[in-house]
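A.B. asks: Following this line is final_23.cif, made up of mmCIF, C-alpha atoms:
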data_run
#
loop_
_atom_site.label_atom_id
_atom_site.label_comp_id
_atom_site.auth_asym_id
_atom_site.auth_seq_id
_atom_site.Cartn_x
_atom_site.Cartn_y
_atom_site.Cartn_z
CA MET F 7 18.51 -35.70 -29.88
CA THR F 8 15.77 -34.69 -27.46
CA SER F 9 15.90 -34.77 -23.70
CA THR F 10 13.28 -36.55 -21.64
CA SER F 11 14.29 -34.76 -18.45
CA PRO F 12 12.07 -31.93 -17.25
CA PRO F 13 13.54 -28.41 -17.44
CA PRO F 14 15.71 -27.54 -14.41
CA GLY F 15 13.11 -25.30 -12.72
CA LEU F 16 10.40 -27.92 -13.09
CA ALA F 17 12.74 -30.67 -11.86
CA ARG F 18 13.51 -28.51 -8.83
CA PHE F 19 9.76 -28.09 -8.16
CA ASN F 20 9.20 -31.84 -8.55
CA ASP F 21 11.95 -32.53 -6.01
CA LEU F 22 10.74 -30.13 -3.31
CA GLU F 23 9.64 -31.55 0.02
CA GLU F 24 5.85 -31.82 0.03
CA SER F 25 5.37 -29.04 2.60
CA THR F 26 7.72 -26.70 0.72
CA ALA F 27 6.00 -27.41 -2.60
CA LEU F 28 2.59 -26.85 -1.01
CA ALA F 29 3.74 -23.52 0.45
CA ALA F 30 5.06 -22.45 -2.97
CA LEU F 31 1.76 -23.41 -4.61
CA HIS F 32 -0.19 -21.49 -1.96
CA GLU F 33 1.87 -18.43 -2.83
CA ALA F 34 0.72 -18.86 -6.43
CA CYS F 35 -2.94 -19.43 -5.50
CA ALA F 36 -4.65 -19.39 -2.10
CA SER F 37 -7.04 -22.22 -3.03
CA THR F 38 -6.24 -25.31 -0.96
CA THR F 39 -8.07 -27.49 -3.51
CA TRP F 40 -6.09 -26.12 -6.45
CA ALA F 41 -2.76 -26.46 -4.64
CA GLY F 42 -3.62 -30.00 -3.55
CA ARG F 43 -4.41 -31.06 -7.11
CA LEU F 44 -1.14 -29.68 -8.42
CA LEU F 45 0.81 -31.26 -5.59
CA ALA F 46 -0.83 -34.64 -6.25
CA GLY F 47 0.16 -34.45 -9.92
CA ARG F 48 3.89 -34.37 -9.25
CA PRO F 49 6.24 -35.23 -10.77
CA TYR F 50 5.58 -33.28 -13.96
CA ALA F 51 7.48 -34.16 -17.13
CA THR F 52 6.75 -30.84 -18.82
CA VAL F 53 5.65 -27.34 -17.91
CA ALA F 54 2.72 -27.83 -20.31
CA GLY F 55 1.65 -30.81 -18.20
CA LEU F 56 1.75 -28.67 -15.06
CA TYR F 57 -0.34 -25.99 -16.79
CA ALA F 58 -2.86 -28.61 -17.96
CA VAL F 59 -3.37 -29.84 -14.39
CA SER F 60 -3.63 -26.23 -13.19
CA ASP F 61 -6.26 -25.44 -15.82
CA ALA F 62 -8.26 -28.58 -15.01
CA ALA F 63 -8.09 -27.84 -11.28
CA MET F 64 -9.22 -24.26 -11.91
CA ALA F 65 -12.17 -25.45 -13.99
CA ASP F 66 -13.27 -27.74 -11.15
CA LEU F 67 -13.11 -25.19 -8.32
CA THR F 68 -16.37 -24.70 -6.45
CA ALA F 69 -17.70 -21.28 -5.51
CA THR F 70 -16.18 -21.81 -2.04
CA ASP F 71 -12.80 -22.70 -3.57
CA LEU F 72 -12.92 -19.60 -5.79
CA ALA F 73 -13.72 -17.44 -2.77
CA GLU F 74 -10.71 -18.90 -0.96
CA ALA F 75 -8.50 -18.18 -3.99
CA MET F 76 -9.78 -14.60 -4.32
CA ALA F 77 -9.16 -13.94 -0.62
CA GLY F 78 -5.46 -14.21 -1.40
CA HIS F 79 -5.55 -11.19 -3.71
CA PRO F 80 -5.37 -7.56 -2.60
CA PRO F 81 -7.58 -4.95 -4.27
CA ILE F 82 -6.26 -3.41 -7.49
CA GLY F 83 -4.31 -0.29 -6.64
CA ARG F 84 -3.51 -1.47 -3.13
CA PRO F 85 -0.87 -4.20 -3.30
CA ARG F 86 0.08 -5.71 0.03
CA ALA F 87 2.89 -3.83 1.74
CA GLY F 88 6.14 -5.71 1.39
CA ASP F 89 4.69 -8.14 -1.18
CA PRO F 90 6.83 -7.91 -4.31
CA VAL F 91 4.52 -10.26 -6.26
CA SER F 92 1.40 -8.10 -5.94
CA ALA F 93 3.47 -4.92 -6.47
CA ARG F 94 4.95 -6.37 -9.68
CA GLU F 95 1.58 -7.61 -10.93
CA GLN F 96 -0.08 -4.26 -10.24
CA ARG F 97 2.76 -2.18 -11.66
CA GLY F 98 0.29 -0.44 -13.99
CA MET F 99 -1.20 1.37 -11.00
CA ALA F 100 2.18 2.43 -9.58
CA GLY F 101 2.34 5.69 -11.52
CA ALA F 102 -1.40 6.37 -11.52
CA SER F 103 -2.57 9.84 -10.62
CA GLY F 104 -4.23 10.50 -7.29
CA GLU F 105 -7.49 10.96 -9.17
CA LEU F 106 -7.24 7.54 -10.82
CA ARG F 107 -6.29 5.92 -7.51
CA ALA F 108 -9.32 7.48 -5.81
CA GLU F 109 -11.56 6.34 -8.68
CA MET F 110 -10.20 2.80 -8.42
CA LEU F 111 -10.83 2.78 -4.67
CA GLU F 112 -14.47 3.76 -5.25
CA LEU F 113 -14.88 1.23 -8.05
CA ASN F 114 -13.25 -1.54 -5.99
CA LEU F 115 -15.63 -0.83 -3.10
CA ALA F 116 -18.68 -0.75 -5.40
CA TYR F 117 -17.59 -4.01 -7.05
CA GLN F 118 -17.00 -5.68 -3.70
CA GLU F 119 -20.39 -4.54 -2.45
CA ARG F 120 -22.08 -5.91 -5.58
CA PHE F 121 -20.28 -9.27 -5.77
CA GLY F 122 -19.03 -9.86 -2.24
CA HIS F 123 -15.37 -10.22 -3.21
CA VAL F 124 -12.40 -8.28 -4.48
CA PHE F 125 -12.28 -7.28 -8.15
CA LEU F 126 -9.96 -9.88 -9.64
CA ILE F 127 -8.19 -9.41 -12.94
CA CYS F 128 -4.85 -10.45 -14.37
CA ALA F 129 -3.29 -7.01 -13.96
CA THR F 130 0.12 -7.93 -15.38
CA GLY F 131 0.94 -5.64 -18.28
CA ARG F 132 -2.18 -3.48 -17.91
CA THR F 133 -2.18 0.26 -17.30
CA GLY F 134 -4.12 1.90 -14.52
CA GLU F 135 -6.61 3.20 -17.07
CA GLN F 136 -7.11 -0.29 -18.51
CA LEU F 137 -7.74 -1.68 -15.03
CA ARG F 138 -10.26 1.09 -14.30
CA ASP F 139 -12.04 0.47 -17.60
CA ALA F 140 -12.20 -3.28 -16.87
CA VAL F 141 -13.87 -2.86 -13.49
CA LYS F 142 -16.32 -0.35 -15.00
CA GLU F 143 -17.16 -2.85 -17.74
CA ARG F 144 -17.53 -5.84 -15.44
CA ILE F 145 -19.47 -4.27 -12.58
CA GLY F 146 -22.68 -4.63 -14.58
CA ASN F 147 -22.25 -8.38 -15.13
CA ALA F 148 -24.58 -10.95 -13.65
CA PRO F 149 -22.98 -12.72 -10.66
CA GLU F 150 -22.77 -16.06 -12.52
CA GLN F 151 -21.09 -14.41 -15.51
CA GLU F 152 -18.67 -12.56 -13.27
CA ARG F 153 -17.76 -15.74 -11.37
CA GLU F 154 -16.71 -17.38 -14.66
CA ILE F 155 -14.71 -14.31 -15.71
CA VAL F 156 -12.97 -14.41 -12.31
CA ARG F 157 -12.18 -18.10 -12.87
CA VAL F 158 -10.54 -17.29 -16.23
CA GLU F 159 -8.60 -14.32 -14.80
CA LEU F 160 -7.43 -16.39 -11.84
CA GLY F 161 -6.25 -19.08 -14.25
CA LYS F 162 -4.15 -16.47 -16.11
CA ILE F 163 -2.64 -15.23 -12.85
CA ASN F 164 -1.86 -18.78 -11.75
CA ARG F 165 -0.08 -19.55 -15.03
CA ILE F 166 2.10 -16.45 -14.68
CA ARG F 167 2.95 -17.36 -11.11
CA LEU F 168 3.62 -21.00 -11.96
CA ALA F 169 5.92 -19.89 -14.78
CA ARG F 170 7.93 -17.86 -12.29
CA LEU F 171 8.01 -20.84 -9.94
CA VAL F 172 9.21 -23.46 -12.41
CA GLU F 173 10.94 -21.60 -15.21
CA GLU F 174 13.28 -19.25 -13.37
CA ASP F 175 16.81 -20.45 -12.81
CA ARG F 176 17.09 -20.08 -9.06
CA ASP F 177 18.06 -22.15 -6.08
CA THR F 178 14.78 -21.94 -4.11
CA PRO F 179 11.12 -21.52 -5.07
#
Any chance you could put this one into structure tokens?

C.D. replies:
Amino acid sequence: MTSTSPPPGLARFNDLEESTALAALHEACASTTWAGRLLAGRPYATVAGLYAVSDAAMADLTATDLAEAMAGHPPIGRPRAGDPVSAREQRGMAGASGELRAEMLELNLAYQERFGHVFLICATGRTGEQLRDAVKERIGNAPEQEREIVRVELGKINRIRLARLVEEDRDTP
């Protein structure tokens, strides 16, 4: 016998007041367009359905929408003070040496000067060295190529954050 009810975390998300759901989505991604699309898709029957709408919304983001989404992310190696989400996602830099931290600061600044935005990567599960190597590899990309890589990385981050939002067994988002 199979259930047609959404999982408890997803049902909780579906039932949130619109303003509360929108705030939770904005915590996952700073793009107003992305959050609006996901909000408009409620109620979701499955987590896969939520991810599909997220992926489609991400694919449709304009350059302005992507810039808005990226503005919600701190530089690698400098998570926002008091923000457990960015600290958890950037855990690979937590034990980095002072030398690696200094190198990442320089690379972040060079990347931002070249592309006009923060270096964005799905940092979850990556070491400080892997993050450094990624920025070194990507800094030579053409702006159009880099924008599409950022879109993919942002989509990965959004999925991780959505999973935490709808799959955890908790009372509030």

A.B. asks: When the PyMOL selection byres ((chain F and resi 168) around 10) is applied to the file above, which residues end up in the set, as a ChimeraX atom specification?

C.D. replies: /F:16,30-31,33-35,53,56-57,60,162-167,169-174

A.B. asks: Quick one: everything within 8 Å of Ala77 in chain F, counting all atoms listed in the file, minus sequence neighbours fewer than 4 positions away in the same chain. Send it as a list in words.

C.D. replies: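 Near neighbours after the sequence-gap exclusion: Ala36, Ala73, His123 and Val124 of chain F.
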
A.B. asks: May I ask which of the residues F:Thr26, F:Thr70, F:Gly104, F:Leu44 is the closest one to Ala58 in chain F, counting all atoms listed in the file?

C.D. replies: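 Counting all atoms listed in the file, the residue closest to Ala58 in chain F is F:Leu44.
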
A.B. asks: For the atom pair CA of Gly101 in chain F and CA of Thr133 in chain F, what is the interatomic distance in Å to one decimal place?

C.D. replies: 9.1 Å

A.B. asks: Would you mind listing what lies within 10 Å of Leu137 in chain F as a list in words, with all atoms listed in the file counted and same-chain residues fewer than 4 positions away left out?

C.D. replies: Ile82, Gly83, Gln96, Gly98, Met99, Met110, Phe125, Ile127, Cys128, Ala129, Arg132, Thr133, Val141, Lys142 and Glu143 of chain F

A.B. asks: What is the distance between CA of Ala29 in chain F and CA of Asp61 in chain F, in Å to one decimal?

C.D. replies: 19.2 Å

A.B. asks: Distance CA of Ala69 in chain F-CA of Tyr117 in chain F, one decimal place?

C.D. replies: 17.3 Å

A.B. asks: Any chance you could work out the residue set of the PyMOL selection byres ((chain F and resi 72) around 12) here, as a PyMOL selection string?

C.D. replies: chain F and resi 35-40+63-71+73-79+123-124+126+152-161

A.B. asks: Given the PyMOL selection byres ((chain F and resi 11) around 12) and the file above, list the residues it selects as a list in words.

C.D. replies: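 That selection, the PyMOL selection byres ((chain F and resi 11) around 12), comes back as Thr8, Ser9, Thr10, Pro12, Pro13, Pro14, Gly15, Leu16, Ala17, Arg18, Asn20, Pro49, Tyr50, Ala51, Thr52 and Val53 of chain F.
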
A.B. asks: Counting only C-alpha atoms, what is within 9 Å of Leu106 in chain F, bar same-chain residues fewer than 6 positions away, as a count of residues only?

C.D. replies: 4

A.B. asks: Restricting the calculation to only C-alpha atoms, which member of F:Gly47, F:Pro149, F:Gly131, F:Gly55 is positioned closest to Ala100 in chain F?

C.D. replies: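 Among F:Gly47, F:Pro149, F:Gly131, F:Gly55, it is F:Gly131 that comes nearest to Ala100 in chain F.
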
A.B. asks: Just need the box for range 27-37 of chain F, edges along x, y and z, holding every atom the file lists for it with 5 Å tacked onto each side, so centre and edge lengths in Å to one decimal, as lines of an AutoDock Vina configuration file.

C.D. replies:
center_x = -0.5
center_y = -22.9
center_z = -3.0
size_x = 23.0
size_y = 19.0
size_z = 16.9

A.B. asks: For Val59 in chain F, which residue among F:Leu45, F:Leu115, F:Ala148, F:Ser103 is the nearest when counting all atoms listed in the file?

C.D. replies: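 Smallest separation from Val59 in chain F among the options: F:Leu45.
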
A.B. asks: Using all atoms listed in the file, can you tell me which of F:Thr130, F:Gln118, F:Ala41, F:Arg84 comes closest to Arg97 in chain F?

C.D. replies: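 So, comparing all the options, the nearest one is F:Thr130.
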
A.B. asks: Select, from F:Pro81, F:Asn147, F:Asp139, F:Arg94, the residue with the minimum atom-to-atom distance to Leu111 in chain F, counting only C-alpha atoms.

C.D. replies: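 Checking each candidate against Leu111 in chain F, we get F:Pro81 as the closest.
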